[in-house]
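One structure is given below, encoded as structure tokens.
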Amino acid sequence: MVTKAYHIETYGCQMNVHDSEKIAGALHTLGYVQAKDAFSADVIVFNTCCIRDTAEKKILGNIGDLKHIKTHRPDVIIAIVGCMTQQKGIAEQLVKKFPFIDIILGTSNANEIADKVNEIVASRAQRRHRVVVIPRMEKPAINENEPVFRTSGTNAWVNIIYGCNNFCTYCIVPFVRGRERSRAPDVIIEEIKGLLGQGYKEITLLGQNVNSYGSDRTDGSNFAKLLAEIGQLPGKFRLRFMTSHPKDFTSEVIDVIAAFPNICNNIHLPVQSGSNAVLKAMNRKYTREKYLDIIRMIRLKMPDCGITSDIMVGFPGETDDDFRDTLALVKEVRFSNAFTFVYSPRKGTYAATLDQVPHEIKKERITELVSVQNEITKELSEQYVGGTFEVLAEDAPKENLLCGRTESGRLVSFNGPSEYVGQFLQIKVTKAKASALFGEIINGKQCE
Ligand code: SAH
Ligand code: SF4
Ligand code: F3S
């Protein structure tokens, strides 16, 4: 029997990256293996994102390109899954525009891919068959014990909460990922114990808003308690988590991060805007002052904590003064890094119905914001030079070249053999270039 192969193209956030590992796990149960590329695959899956228009345009272009593959090999199965398909009316549009698509699934039923592939294969002999199943949103059941084919090296992703209840007025996620559903704490702990037993050195907890973990449960669980329970697990490993929402970020969480050495002093805390008027219009439910208070609390307990953020410009109604408030906040906080975005109207969200900021102004603002943040990142990078840090060797991109992160989340490159991947090393930083750090292994030895 010839072994069949799959190719998954993943767009969007870490949540999608991990969902793709589950899709791969499901296809492995059918005996499929990972293909070299889309051209040699029997099943091609696009796991999609719709957070911004740019993401969607790119995906649509790439789906269009699949036509060539389908023309040459009509038996190839093409599946489109994930956030983009989950939007109202999109599945119908996709089928019309790209009649060569075989399977469309949404966000919470992508794990059904194995059944659907089987269905297509079985029906092929008779006539062309297409499967389109988009689940209704709200509170889809949590699927536990799904097979996962992990592809993230020394790090393992672990979902703790699915969905989002926040409805920030710009954001499509609550519409395509449904309401919050927290996994049971004992199931999470068991999964993590298993992963540590398999040798994973870093665990990253995933949720759109990890801080609201447990609020939909009746067993009194919350994020601080969960972190403390994981932090107590034996052995040396790193625990990271994303994303934190400032409105639910408690001082207990800060205390737990500071208390347990395995929990990394690294927090991604999206601020979005530095203007109270814009924050209110975004429905973020915190003020600039509250955000700055959280930053002060974090720095008081963990002076070396790496803090990163997401920042948006051009939200409807954002004035020049609002934008200046954002710049001032960025200069005050000095994020170690920030993901900066131009607001993109998403159909079905409230902000898309408002008067929009002209494109030219958005462009000017993003250019200024990026340049201010780049300068800060560069200055902070330079402060690392001469210091020695514990780095987890995560990857070996080239022969005798390794890269990994400091506890604070900064990426460092250094020379060393690929056998060191997965080990904690003492690295002296010798050079900084923009956001990149370069260093060398101290004493040529690993620590631990
Ligand atoms: N749950 C996370 C982030 C989800 S999306 C949180 O609440 O922070 C990741 C980032 O994309 C957001 O933080 C936001 O900065 C950006 N984003 C979301 N919707 C957007 C839109 N319509 N246009 C531009 N950026 C957007
Ligand atoms: Fe989107 Fe806001 Fe939910 Fe984050 S918290 S996923 S930005 S609605
Ligand atoms: Fe995109 Fe969906 Fe993530 S819209 S950012 S892949 S939750």
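By order of appearance in the structure tokens: chains A, B, ..., then residues from 1 within every chain, and ligands from 1 in the order shown.
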Considering only C-alpha atoms and all ligand atoms, give me a table of residues in chain A that are at most 7 Å from ligand 3, with the closest atom pair and distance in Å for each, as CSV.
residue,atom,partner,partner_atom_place_in_ligand_line,distance
A:Tyr11,CA,ligand 3,6 (S),6.4
A:Gly12,CA,ligand 3,6 (S),3.9
A:Cys13,CA,ligand 3,3 (Fe),4.1
A:Gln14,CA,ligand 3,3 (Fe),6.9
A:Met15,CA,ligand 3,3 (Fe),5.8
A:Asn16,CA,ligand 3,6 (S),5.1
A:Thr48,CA,ligand 3,6 (S),6.2
A:Cys49,CA,ligand 3,1 (Fe),3.7
A:Cys50,CA,ligand 3,4 (S),4.3
A:Ile51,CA,ligand 3,4 (S),4.2
A:Gly82,CA,ligand 3,2 (Fe),6.9
A:Cys83,CA,ligand 3,2 (Fe),4.6
A:Met84,CA,ligand 3,4 (S),6.7
A:Ile172,CA,ligand 3,4 (S),6.6
A:Val173,CA,ligand 3,7 (S),5.5
A:Arg177,CA,ligand 3,7 (S),6.7
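Using only C-alpha atoms, the residues found no farther than 8 Å from range 129-143 of chain A, other than those of its own chain fewer than 2 positions away, are Thr85, Gln86, Ala91, Ile101, Asp102, Ile103, Ile104, Leu105, Gly106, Thr107, Ser108, Asn109, Lys116, Ile120, Ser123, Arg124, Arg127, Asn145, Glu146, Phe175, Val176, Arg177, Gly178, Arg179, Glu180, Arg181 and Arg183 of chain A.
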Using only N, CA and C atoms, please write the residues we just selected to a file, as a PDB file, in the first residue's frame.
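result_0.pdb, written as the output of this step:
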ATOM      1  N   THR A  85     -13.685  30.412   7.686  1.00  0.00           N
ATOM      2  CA  THR A  85     -14.883  29.707   7.211  1.00  0.00           C
ATOM      3  C   THR A  85     -16.041  29.867   8.187  1.00  0.00           C
ATOM      4  N   GLN A  86     -15.692  30.139   9.458  1.00  0.00           N
ATOM      5  CA  GLN A  86     -16.717  30.206  10.496  1.00  0.00           C
ATOM      6  C   GLN A  86     -17.549  31.494  10.404  1.00  0.00           C
ATOM      7  N   ALA A  91     -18.579  30.310   3.902  1.00  0.00           N
ATOM      8  CA  ALA A  91     -18.478  28.956   3.318  1.00  0.00           C
ATOM      9  C   ALA A  91     -19.153  28.942   1.942  1.00  0.00           C
ATOM     10  N   ILE A 101     -12.845  23.044  -3.999  1.00  0.00           N
ATOM     11  CA  ILE A 101     -12.721  22.722  -2.574  1.00  0.00           C
ATOM     12  C   ILE A 101     -13.573  21.485  -2.263  1.00  0.00           C
ATOM     13  N   ASP A 102     -13.020  20.534  -1.491  1.00  0.00           N
ATOM     14  CA  ASP A 102     -13.760  19.304  -1.163  1.00  0.00           C
ATOM     15  C   ASP A 102     -14.420  19.361   0.209  1.00  0.00           C
ATOM     16  N   ILE A 103     -13.706  19.981   1.191  1.00  0.00           N
ATOM     17  CA  ILE A 103     -14.209  19.951   2.569  1.00  0.00           C
ATOM     18  C   ILE A 103     -14.119  21.352   3.171  1.00  0.00           C
ATOM     19  N   ILE A 104     -15.188  21.773   3.840  1.00  0.00           N
ATOM     20  CA  ILE A 104     -15.120  23.005   4.629  1.00  0.00           C
ATOM     21  C   ILE A 104     -15.606  22.684   6.035  1.00  0.00           C
ATOM     22  N   LEU A 105     -14.768  22.979   7.034  1.00  0.00           N
ATOM     23  CA  LEU A 105     -15.164  22.798   8.429  1.00  0.00           C
ATOM     24  C   LEU A 105     -14.905  24.109   9.160  1.00  0.00           C
ATOM     25  N   GLY A 106     -15.455  24.228  10.377  1.00  0.00           N
ATOM     26  CA  GLY A 106     -15.269  25.471  11.139  1.00  0.00           C
ATOM     27  C   GLY A 106     -14.150  25.372  12.151  1.00  0.00           C
ATOM     28  N   THR A 107     -14.287  26.098  13.261  1.00  0.00           N
ATOM     29  CA  THR A 107     -13.211  26.118  14.260  1.00  0.00           C
ATOM     30  C   THR A 107     -13.337  24.971  15.261  1.00  0.00           C
ATOM     31  N   SER A 108     -14.554  24.626  15.648  1.00  0.00           N
ATOM     32  CA  SER A 108     -14.678  23.634  16.724  1.00  0.00           C
ATOM     33  C   SER A 108     -14.889  22.222  16.205  1.00  0.00           C
ATOM     34  N   ASN A 109     -15.021  22.037  14.900  1.00  0.00           N
ATOM     35  CA  ASN A 109     -15.212  20.672  14.383  1.00  0.00           C
ATOM     36  C   ASN A 109     -14.111  20.272  13.401  1.00  0.00           C
ATOM     37  N   LYS A 116     -14.297  13.114   7.494  1.00  0.00           N
ATOM     38  CA  LYS A 116     -14.709  13.749   6.234  1.00  0.00           C
ATOM     39  C   LYS A 116     -13.819  13.299   5.076  1.00  0.00           C
ATOM     40  N   ILE A 120     -15.123  11.400   1.692  1.00  0.00           N
ATOM     41  CA  ILE A 120     -14.810  11.805   0.315  1.00  0.00           C
ATOM     42  C   ILE A 120     -14.195  10.640  -0.452  1.00  0.00           C
ATOM     43  N   SER A 123     -16.756   8.051  -1.397  1.00  0.00           N
ATOM     44  CA  SER A 123     -17.766   8.468  -2.370  1.00  0.00           C
ATOM     45  C   SER A 123     -17.183   8.768  -3.742  1.00  0.00           C
ATOM     46  N   ARG A 124     -15.872   8.864  -3.803  1.00  0.00           N
ATOM     47  CA  ARG A 124     -15.206   9.238  -5.059  1.00  0.00           C
ATOM     48  C   ARG A 124     -15.572   8.324  -6.220  1.00  0.00           C
ATOM     49  N   ARG A 127     -19.356   9.548  -7.496  1.00  0.00           N
ATOM     50  CA  ARG A 127     -19.419  10.857  -8.154  1.00  0.00           C
ATOM     51  C   ARG A 127     -18.785  11.912  -7.250  1.00  0.00           C
ATOM     52  N   ASN A 145      -8.956  14.359  24.796  1.00  0.00           N
ATOM     53  CA  ASN A 145      -8.289  13.138  24.294  1.00  0.00           C
ATOM     54  C   ASN A 145      -8.164  13.084  22.773  1.00  0.00           C
ATOM     55  N   GLU A 146      -8.011  14.251  22.144  1.00  0.00           N
ATOM     56  CA  GLU A 146      -7.786  14.227  20.706  1.00  0.00           C
ATOM     57  C   GLU A 146      -6.320  13.879  20.460  1.00  0.00           C
ATOM     58  N   PHE A 175     -16.928  35.957  17.438  1.00  0.00           N
ATOM     59  CA  PHE A 175     -17.922  35.476  16.468  1.00  0.00           C
ATOM     60  C   PHE A 175     -17.504  34.149  15.838  1.00  0.00           C
ATOM     61  N   VAL A 176     -16.202  33.892  15.807  1.00  0.00           N
ATOM     62  CA  VAL A 176     -15.746  32.682  15.119  1.00  0.00           C
ATOM     63  C   VAL A 176     -15.213  31.612  16.074  1.00  0.00           C
ATOM     64  N   ARG A 177     -15.059  31.977  17.334  1.00  0.00           N
ATOM     65  CA  ARG A 177     -14.546  30.999  18.308  1.00  0.00           C
ATOM     66  C   ARG A 177     -15.533  30.724  19.441  1.00  0.00           C
ATOM     67  N   GLY A 178     -16.693  31.395  19.434  1.00  0.00           N
ATOM     68  CA  GLY A 178     -17.725  31.119  20.435  1.00  0.00           C
ATOM     69  C   GLY A 178     -17.374  31.619  21.826  1.00  0.00           C
ATOM     70  N   ARG A 179     -18.244  31.244  22.799  1.00  0.00           N
ATOM     71  CA  ARG A 179     -18.075  31.728  24.181  1.00  0.00           C
ATOM     72  C   ARG A 179     -16.988  30.945  24.923  1.00  0.00           C
ATOM     73  N   GLU A 180     -16.580  31.525  26.071  1.00  0.00           N
ATOM     74  CA  GLU A 180     -15.489  30.931  26.849  1.00  0.00           C
ATOM     75  C   GLU A 180     -15.862  29.550  27.396  1.00  0.00           C
ATOM     76  N   ARG A 181     -14.965  28.619  27.223  1.00  0.00           N
ATOM     77  CA  ARG A 181     -15.092  27.281  27.808  1.00  0.00           C
ATOM     78  C   ARG A 181     -13.742  26.903  28.392  1.00  0.00           C
ATOM     79  N   ARG A 183     -11.153  24.368  30.268  1.00  0.00           N
ATOM     80  CA  ARG A 183     -10.934  22.926  30.493  1.00  0.00           C
ATOM     81  C   ARG A 183     -10.813  22.660  31.994  1.00  0.00           C
TER      82      ARG A 183
END
Smallest atom-to-atom distance to Ser413 in chain A: which of A:Ser435, A:Gln272, A:Ser309, A:Asn283, using only C-alpha atoms?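 Of A:Ser435, A:Gln272, A:Ser309, A:Asn283, the one nearest Ser413 in chain A, counting only C-alpha atoms, is A:Ser435.
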Given a cut-off of 10 Å, what residues near ligand 1 show up using only C-alpha atoms and all ligand atoms, put as a VMD selection string? chain A and resid 12 to 13 15 50 to 54 163 to 164 166 to 174 206 to 210 242 to 247 268 to 273 284 309 to 315 338 to 347 349 351 to 352
Which residues, written as a PyMOL selection string, have at least one atom at most 6 Å from range 420-427 of chain A, with only C-alpha atoms counted and residues fewer than 5 positions away on the same chain left out? chain A and resi 154+388-395+440-442+446-447
What gap, in Å, lies between CA of Lys301 in chain A and CA of Ala258 in chain A?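 Computing the Euclidean distance for CA of Lys301 in chain A and CA of Ala258 in chain A yields 6.5 Å.
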List every residue of range 96-248 of chain A that DSSP, applied to the backbone of this structure, places in alpha helix (DSSP H), and write the result as a tab-separated table (two decimals) with N, CA, C and O atoms, in the first residue's frame.
chain	number	residue	atom	x	y	z
A	96	LYS	N	-18.58	28.75	-4.04
A	96	LYS	CA	-18.93	29.34	-5.33
A	96	LYS	C	-17.67	29.78	-6.09
A	96	LYS	O	-17.52	29.53	-7.28
A	97	LYS	N	-16.77	30.43	-5.35
A	97	LYS	CA	-15.58	30.99	-5.98
A	97	LYS	C	-14.55	29.92	-6.31
A	97	LYS	O	-13.83	30.03	-7.30
A	113	ILE	N	-11.99	16.13	10.60
A	113	ILE	CA	-11.37	16.04	9.28
A	113	ILE	C	-11.16	14.60	8.83
A	113	ILE	O	-11.37	14.28	7.66
A	114	ALA	N	-10.77	13.72	9.78
A	114	ALA	CA	-10.48	12.33	9.40
A	114	ALA	C	-11.74	11.67	8.82
A	114	ALA	O	-11.70	11.06	7.74
A	115	ASP	N	-12.87	11.84	9.51
A	115	ASP	CA	-14.14	11.26	9.03
A	115	ASP	C	-14.48	11.81	7.65
A	115	ASP	O	-14.94	11.09	6.76
A	116	LYS	N	-14.30	13.11	7.49
A	116	LYS	CA	-14.71	13.75	6.23
A	116	LYS	C	-13.82	13.30	5.08
A	116	LYS	O	-14.30	13.11	3.95
A	117	VAL	N	-12.52	13.14	5.36
A	117	VAL	CA	-11.62	12.65	4.31
A	117	VAL	C	-12.07	11.24	3.90
A	117	VAL	O	-12.18	10.93	2.71
A	118	ASN	N	-12.36	10.41	4.89
A	118	ASN	CA	-12.85	9.05	4.60
A	118	ASN	C	-14.10	9.08	3.74
A	118	ASN	O	-14.26	8.33	2.79
A	119	GLU	N	-15.02	9.99	4.11
A	119	GLU	CA	-16.28	10.12	3.39
A	119	GLU	C	-16.03	10.45	1.92
A	119	GLU	O	-16.64	9.88	1.02
A	120	ILE	N	-15.12	11.40	1.69
A	120	ILE	CA	-14.81	11.81	0.32
A	120	ILE	C	-14.19	10.64	-0.45
A	120	ILE	O	-14.60	10.34	-1.58
A	121	VAL	N	-13.22	9.97	0.19
A	121	VAL	CA	-12.54	8.86	-0.49
A	121	VAL	C	-13.57	7.79	-0.86
A	121	VAL	O	-13.58	7.29	-1.99
A	122	ALA	N	-14.47	7.47	0.08
A	122	ALA	CA	-15.46	6.41	-0.16
A	122	ALA	C	-16.43	6.78	-1.28
A	122	ALA	O	-16.89	5.93	-2.04
A	123	SER	N	-16.76	8.05	-1.40
A	123	SER	CA	-17.77	8.47	-2.37
A	123	SER	C	-17.18	8.77	-3.74
A	123	SER	O	-17.92	8.89	-4.71
A	124	ARG	N	-15.87	8.86	-3.80
A	124	ARG	CA	-15.21	9.24	-5.06
A	124	ARG	C	-15.57	8.32	-6.22
A	124	ARG	O	-15.75	8.76	-7.35
A	173	VAL	N	-12.95	37.59	16.69
A	173	VAL	CA	-12.73	36.30	17.37
A	173	VAL	C	-13.95	35.75	18.11
A	173	VAL	O	-14.29	34.58	17.95
A	174	PRO	N	-14.68	36.57	18.90
A	174	PRO	CA	-15.83	36.00	19.61
A	174	PRO	C	-16.88	35.43	18.65
A	174	PRO	O	-17.61	34.51	19.01
A	175	PHE	N	-16.93	35.96	17.44
A	175	PHE	CA	-17.92	35.48	16.47
A	175	PHE	C	-17.50	34.15	15.84
A	175	PHE	O	-18.34	33.41	15.34
A	176	VAL	N	-16.20	33.89	15.81
A	176	VAL	CA	-15.75	32.68	15.12
A	176	VAL	C	-15.21	31.61	16.07
A	176	VAL	O	-14.95	30.48	15.65
A	177	ARG	N	-15.06	31.98	17.33
A	177	ARG	CA	-14.55	31.00	18.31
A	177	ARG	C	-15.53	30.72	19.44
A	177	ARG	O	-15.23	29.94	20.34
A	185	PRO	N	-9.27	21.67	35.46
A	185	PRO	CA	-7.87	21.80	35.89
A	185	PRO	C	-7.13	20.46	35.94
A	185	PRO	O	-5.97	20.39	35.52
A	186	ASP	N	-7.79	19.40	36.41
A	186	ASP	CA	-7.08	18.12	36.51
A	186	ASP	C	-6.72	17.56	35.12
A	186	ASP	O	-5.67	16.94	34.96
A	187	VAL	N	-7.55	17.84	34.12
A	187	VAL	CA	-7.25	17.37	32.76
A	187	VAL	C	-6.02	18.12	32.22
A	187	VAL	O	-5.13	17.54	31.59
A	188	ILE	N	-5.96	19.42	32.52
A	188	ILE	CA	-4.82	20.23	32.07
A	188	ILE	C	-3.54	19.73	32.74
A	188	ILE	O	-2.51	19.53	32.10
A	189	ILE	N	-3.61	19.53	34.06
A	189	ILE	CA	-2.42	19.09	34.81
A	189	ILE	C	-1.94	17.74	34.29
A	189	ILE	O	-0.74	17.54	34.07
A	190	GLU	N	-2.88	16.82	34.05
A	190	GLU	CA	-2.50	15.50	33.54
A	190	GLU	C	-1.80	15.63	32.19
A	190	GLU	O	-0.80	14.97	31.93
A	191	GLU	N	-2.35	16.48	31.32
A	191	GLU	CA	-1.74	16.65	30.00
A	191	GLU	C	-0.31	17.17	30.16
A	191	GLU	O	0.62	16.69	29.53
A	192	ILE	N	-0.14	18.16	31.05
A	192	ILE	CA	1.19	18.75	31.22
A	192	ILE	C	2.17	17.74	31.83
A	192	ILE	O	3.32	17.64	31.38
A	193	LYS	N	1.71	16.96	32.80
A	193	LYS	CA	2.58	15.93	33.39
A	193	LYS	C	3.06	14.98	32.29
A	193	LYS	O	4.23	14.62	32.24
A	194	GLY	N	2.13	14.59	31.43
A	194	GLY	CA	2.47	13.69	30.33
A	194	GLY	C	3.51	14.32	29.40
A	194	GLY	O	4.48	13.67	29.00
A	195	LEU	N	3.35	15.60	29.10
A	195	LEU	CA	4.27	16.28	28.19
A	195	LEU	C	5.66	16.41	28.81
A	195	LEU	O	6.68	16.20	28.14
A	196	LEU	N	5.70	16.73	30.10
A	196	LEU	CA	6.99	16.86	30.78
A	196	LEU	C	7.67	15.49	30.82
A	196	LEU	O	8.88	15.37	30.62
A	197	GLY	N	6.85	14.44	31.02
A	197	GLY	CA	7.38	13.07	31.02
A	197	GLY	C	7.97	12.71	29.66
A	197	GLY	O	8.93	11.96	29.57
A	223	PHE	N	-7.21	31.43	37.27
A	223	PHE	CA	-5.92	31.36	36.59
A	223	PHE	C	-4.75	31.31	37.58
A	223	PHE	O	-3.80	30.54	37.39
A	224	ALA	N	-4.83	32.12	38.64
A	224	ALA	CA	-3.73	32.14	39.62
A	224	ALA	C	-3.54	30.75	40.23
A	224	ALA	O	-2.41	30.26	40.35
A	225	LYS	N	-4.66	30.11	40.59
A	225	LYS	CA	-4.57	28.77	41.19
A	225	LYS	C	-3.99	27.77	40.20
A	225	LYS	O	-3.17	26.93	40.56
A	226	LEU	N	-4.46	27.85	38.97
A	226	LEU	CA	-3.97	26.91	37.95
A	226	LEU	C	-2.46	27.08	37.74
A	226	LEU	O	-1.71	26.11	37.72
A	227	LEU	N	-2.03	28.35	37.63
A	227	LEU	CA	-0.60	28.62	37.44
A	227	LEU	C	0.21	28.05	38.60
A	227	LEU	O	1.26	27.43	38.40
A	228	ALA	N	-0.28	28.26	39.83
A	228	ALA	CA	0.45	27.79	41.01
A	228	ALA	C	0.54	26.27	40.99
A	228	ALA	O	1.58	25.69	41.30
A	229	GLU	N	-0.55	25.61	40.59
A	229	GLU	CA	-0.54	24.15	40.56
A	229	GLU	C	0.48	23.64	39.53
A	229	GLU	O	1.20	22.68	39.80
A	230	ILE	N	0.53	24.30	38.37
A	230	ILE	CA	1.48	23.85	37.34
A	230	ILE	C	2.90	24.21	37.77
A	230	ILE	O	3.83	23.43	37.59
A	231	GLY	N	3.04	25.40	38.37
A	231	GLY	CA	4.36	25.86	38.81
A	231	GLY	C	5.00	24.91	39.81
A	231	GLY	O	6.22	24.82	39.91
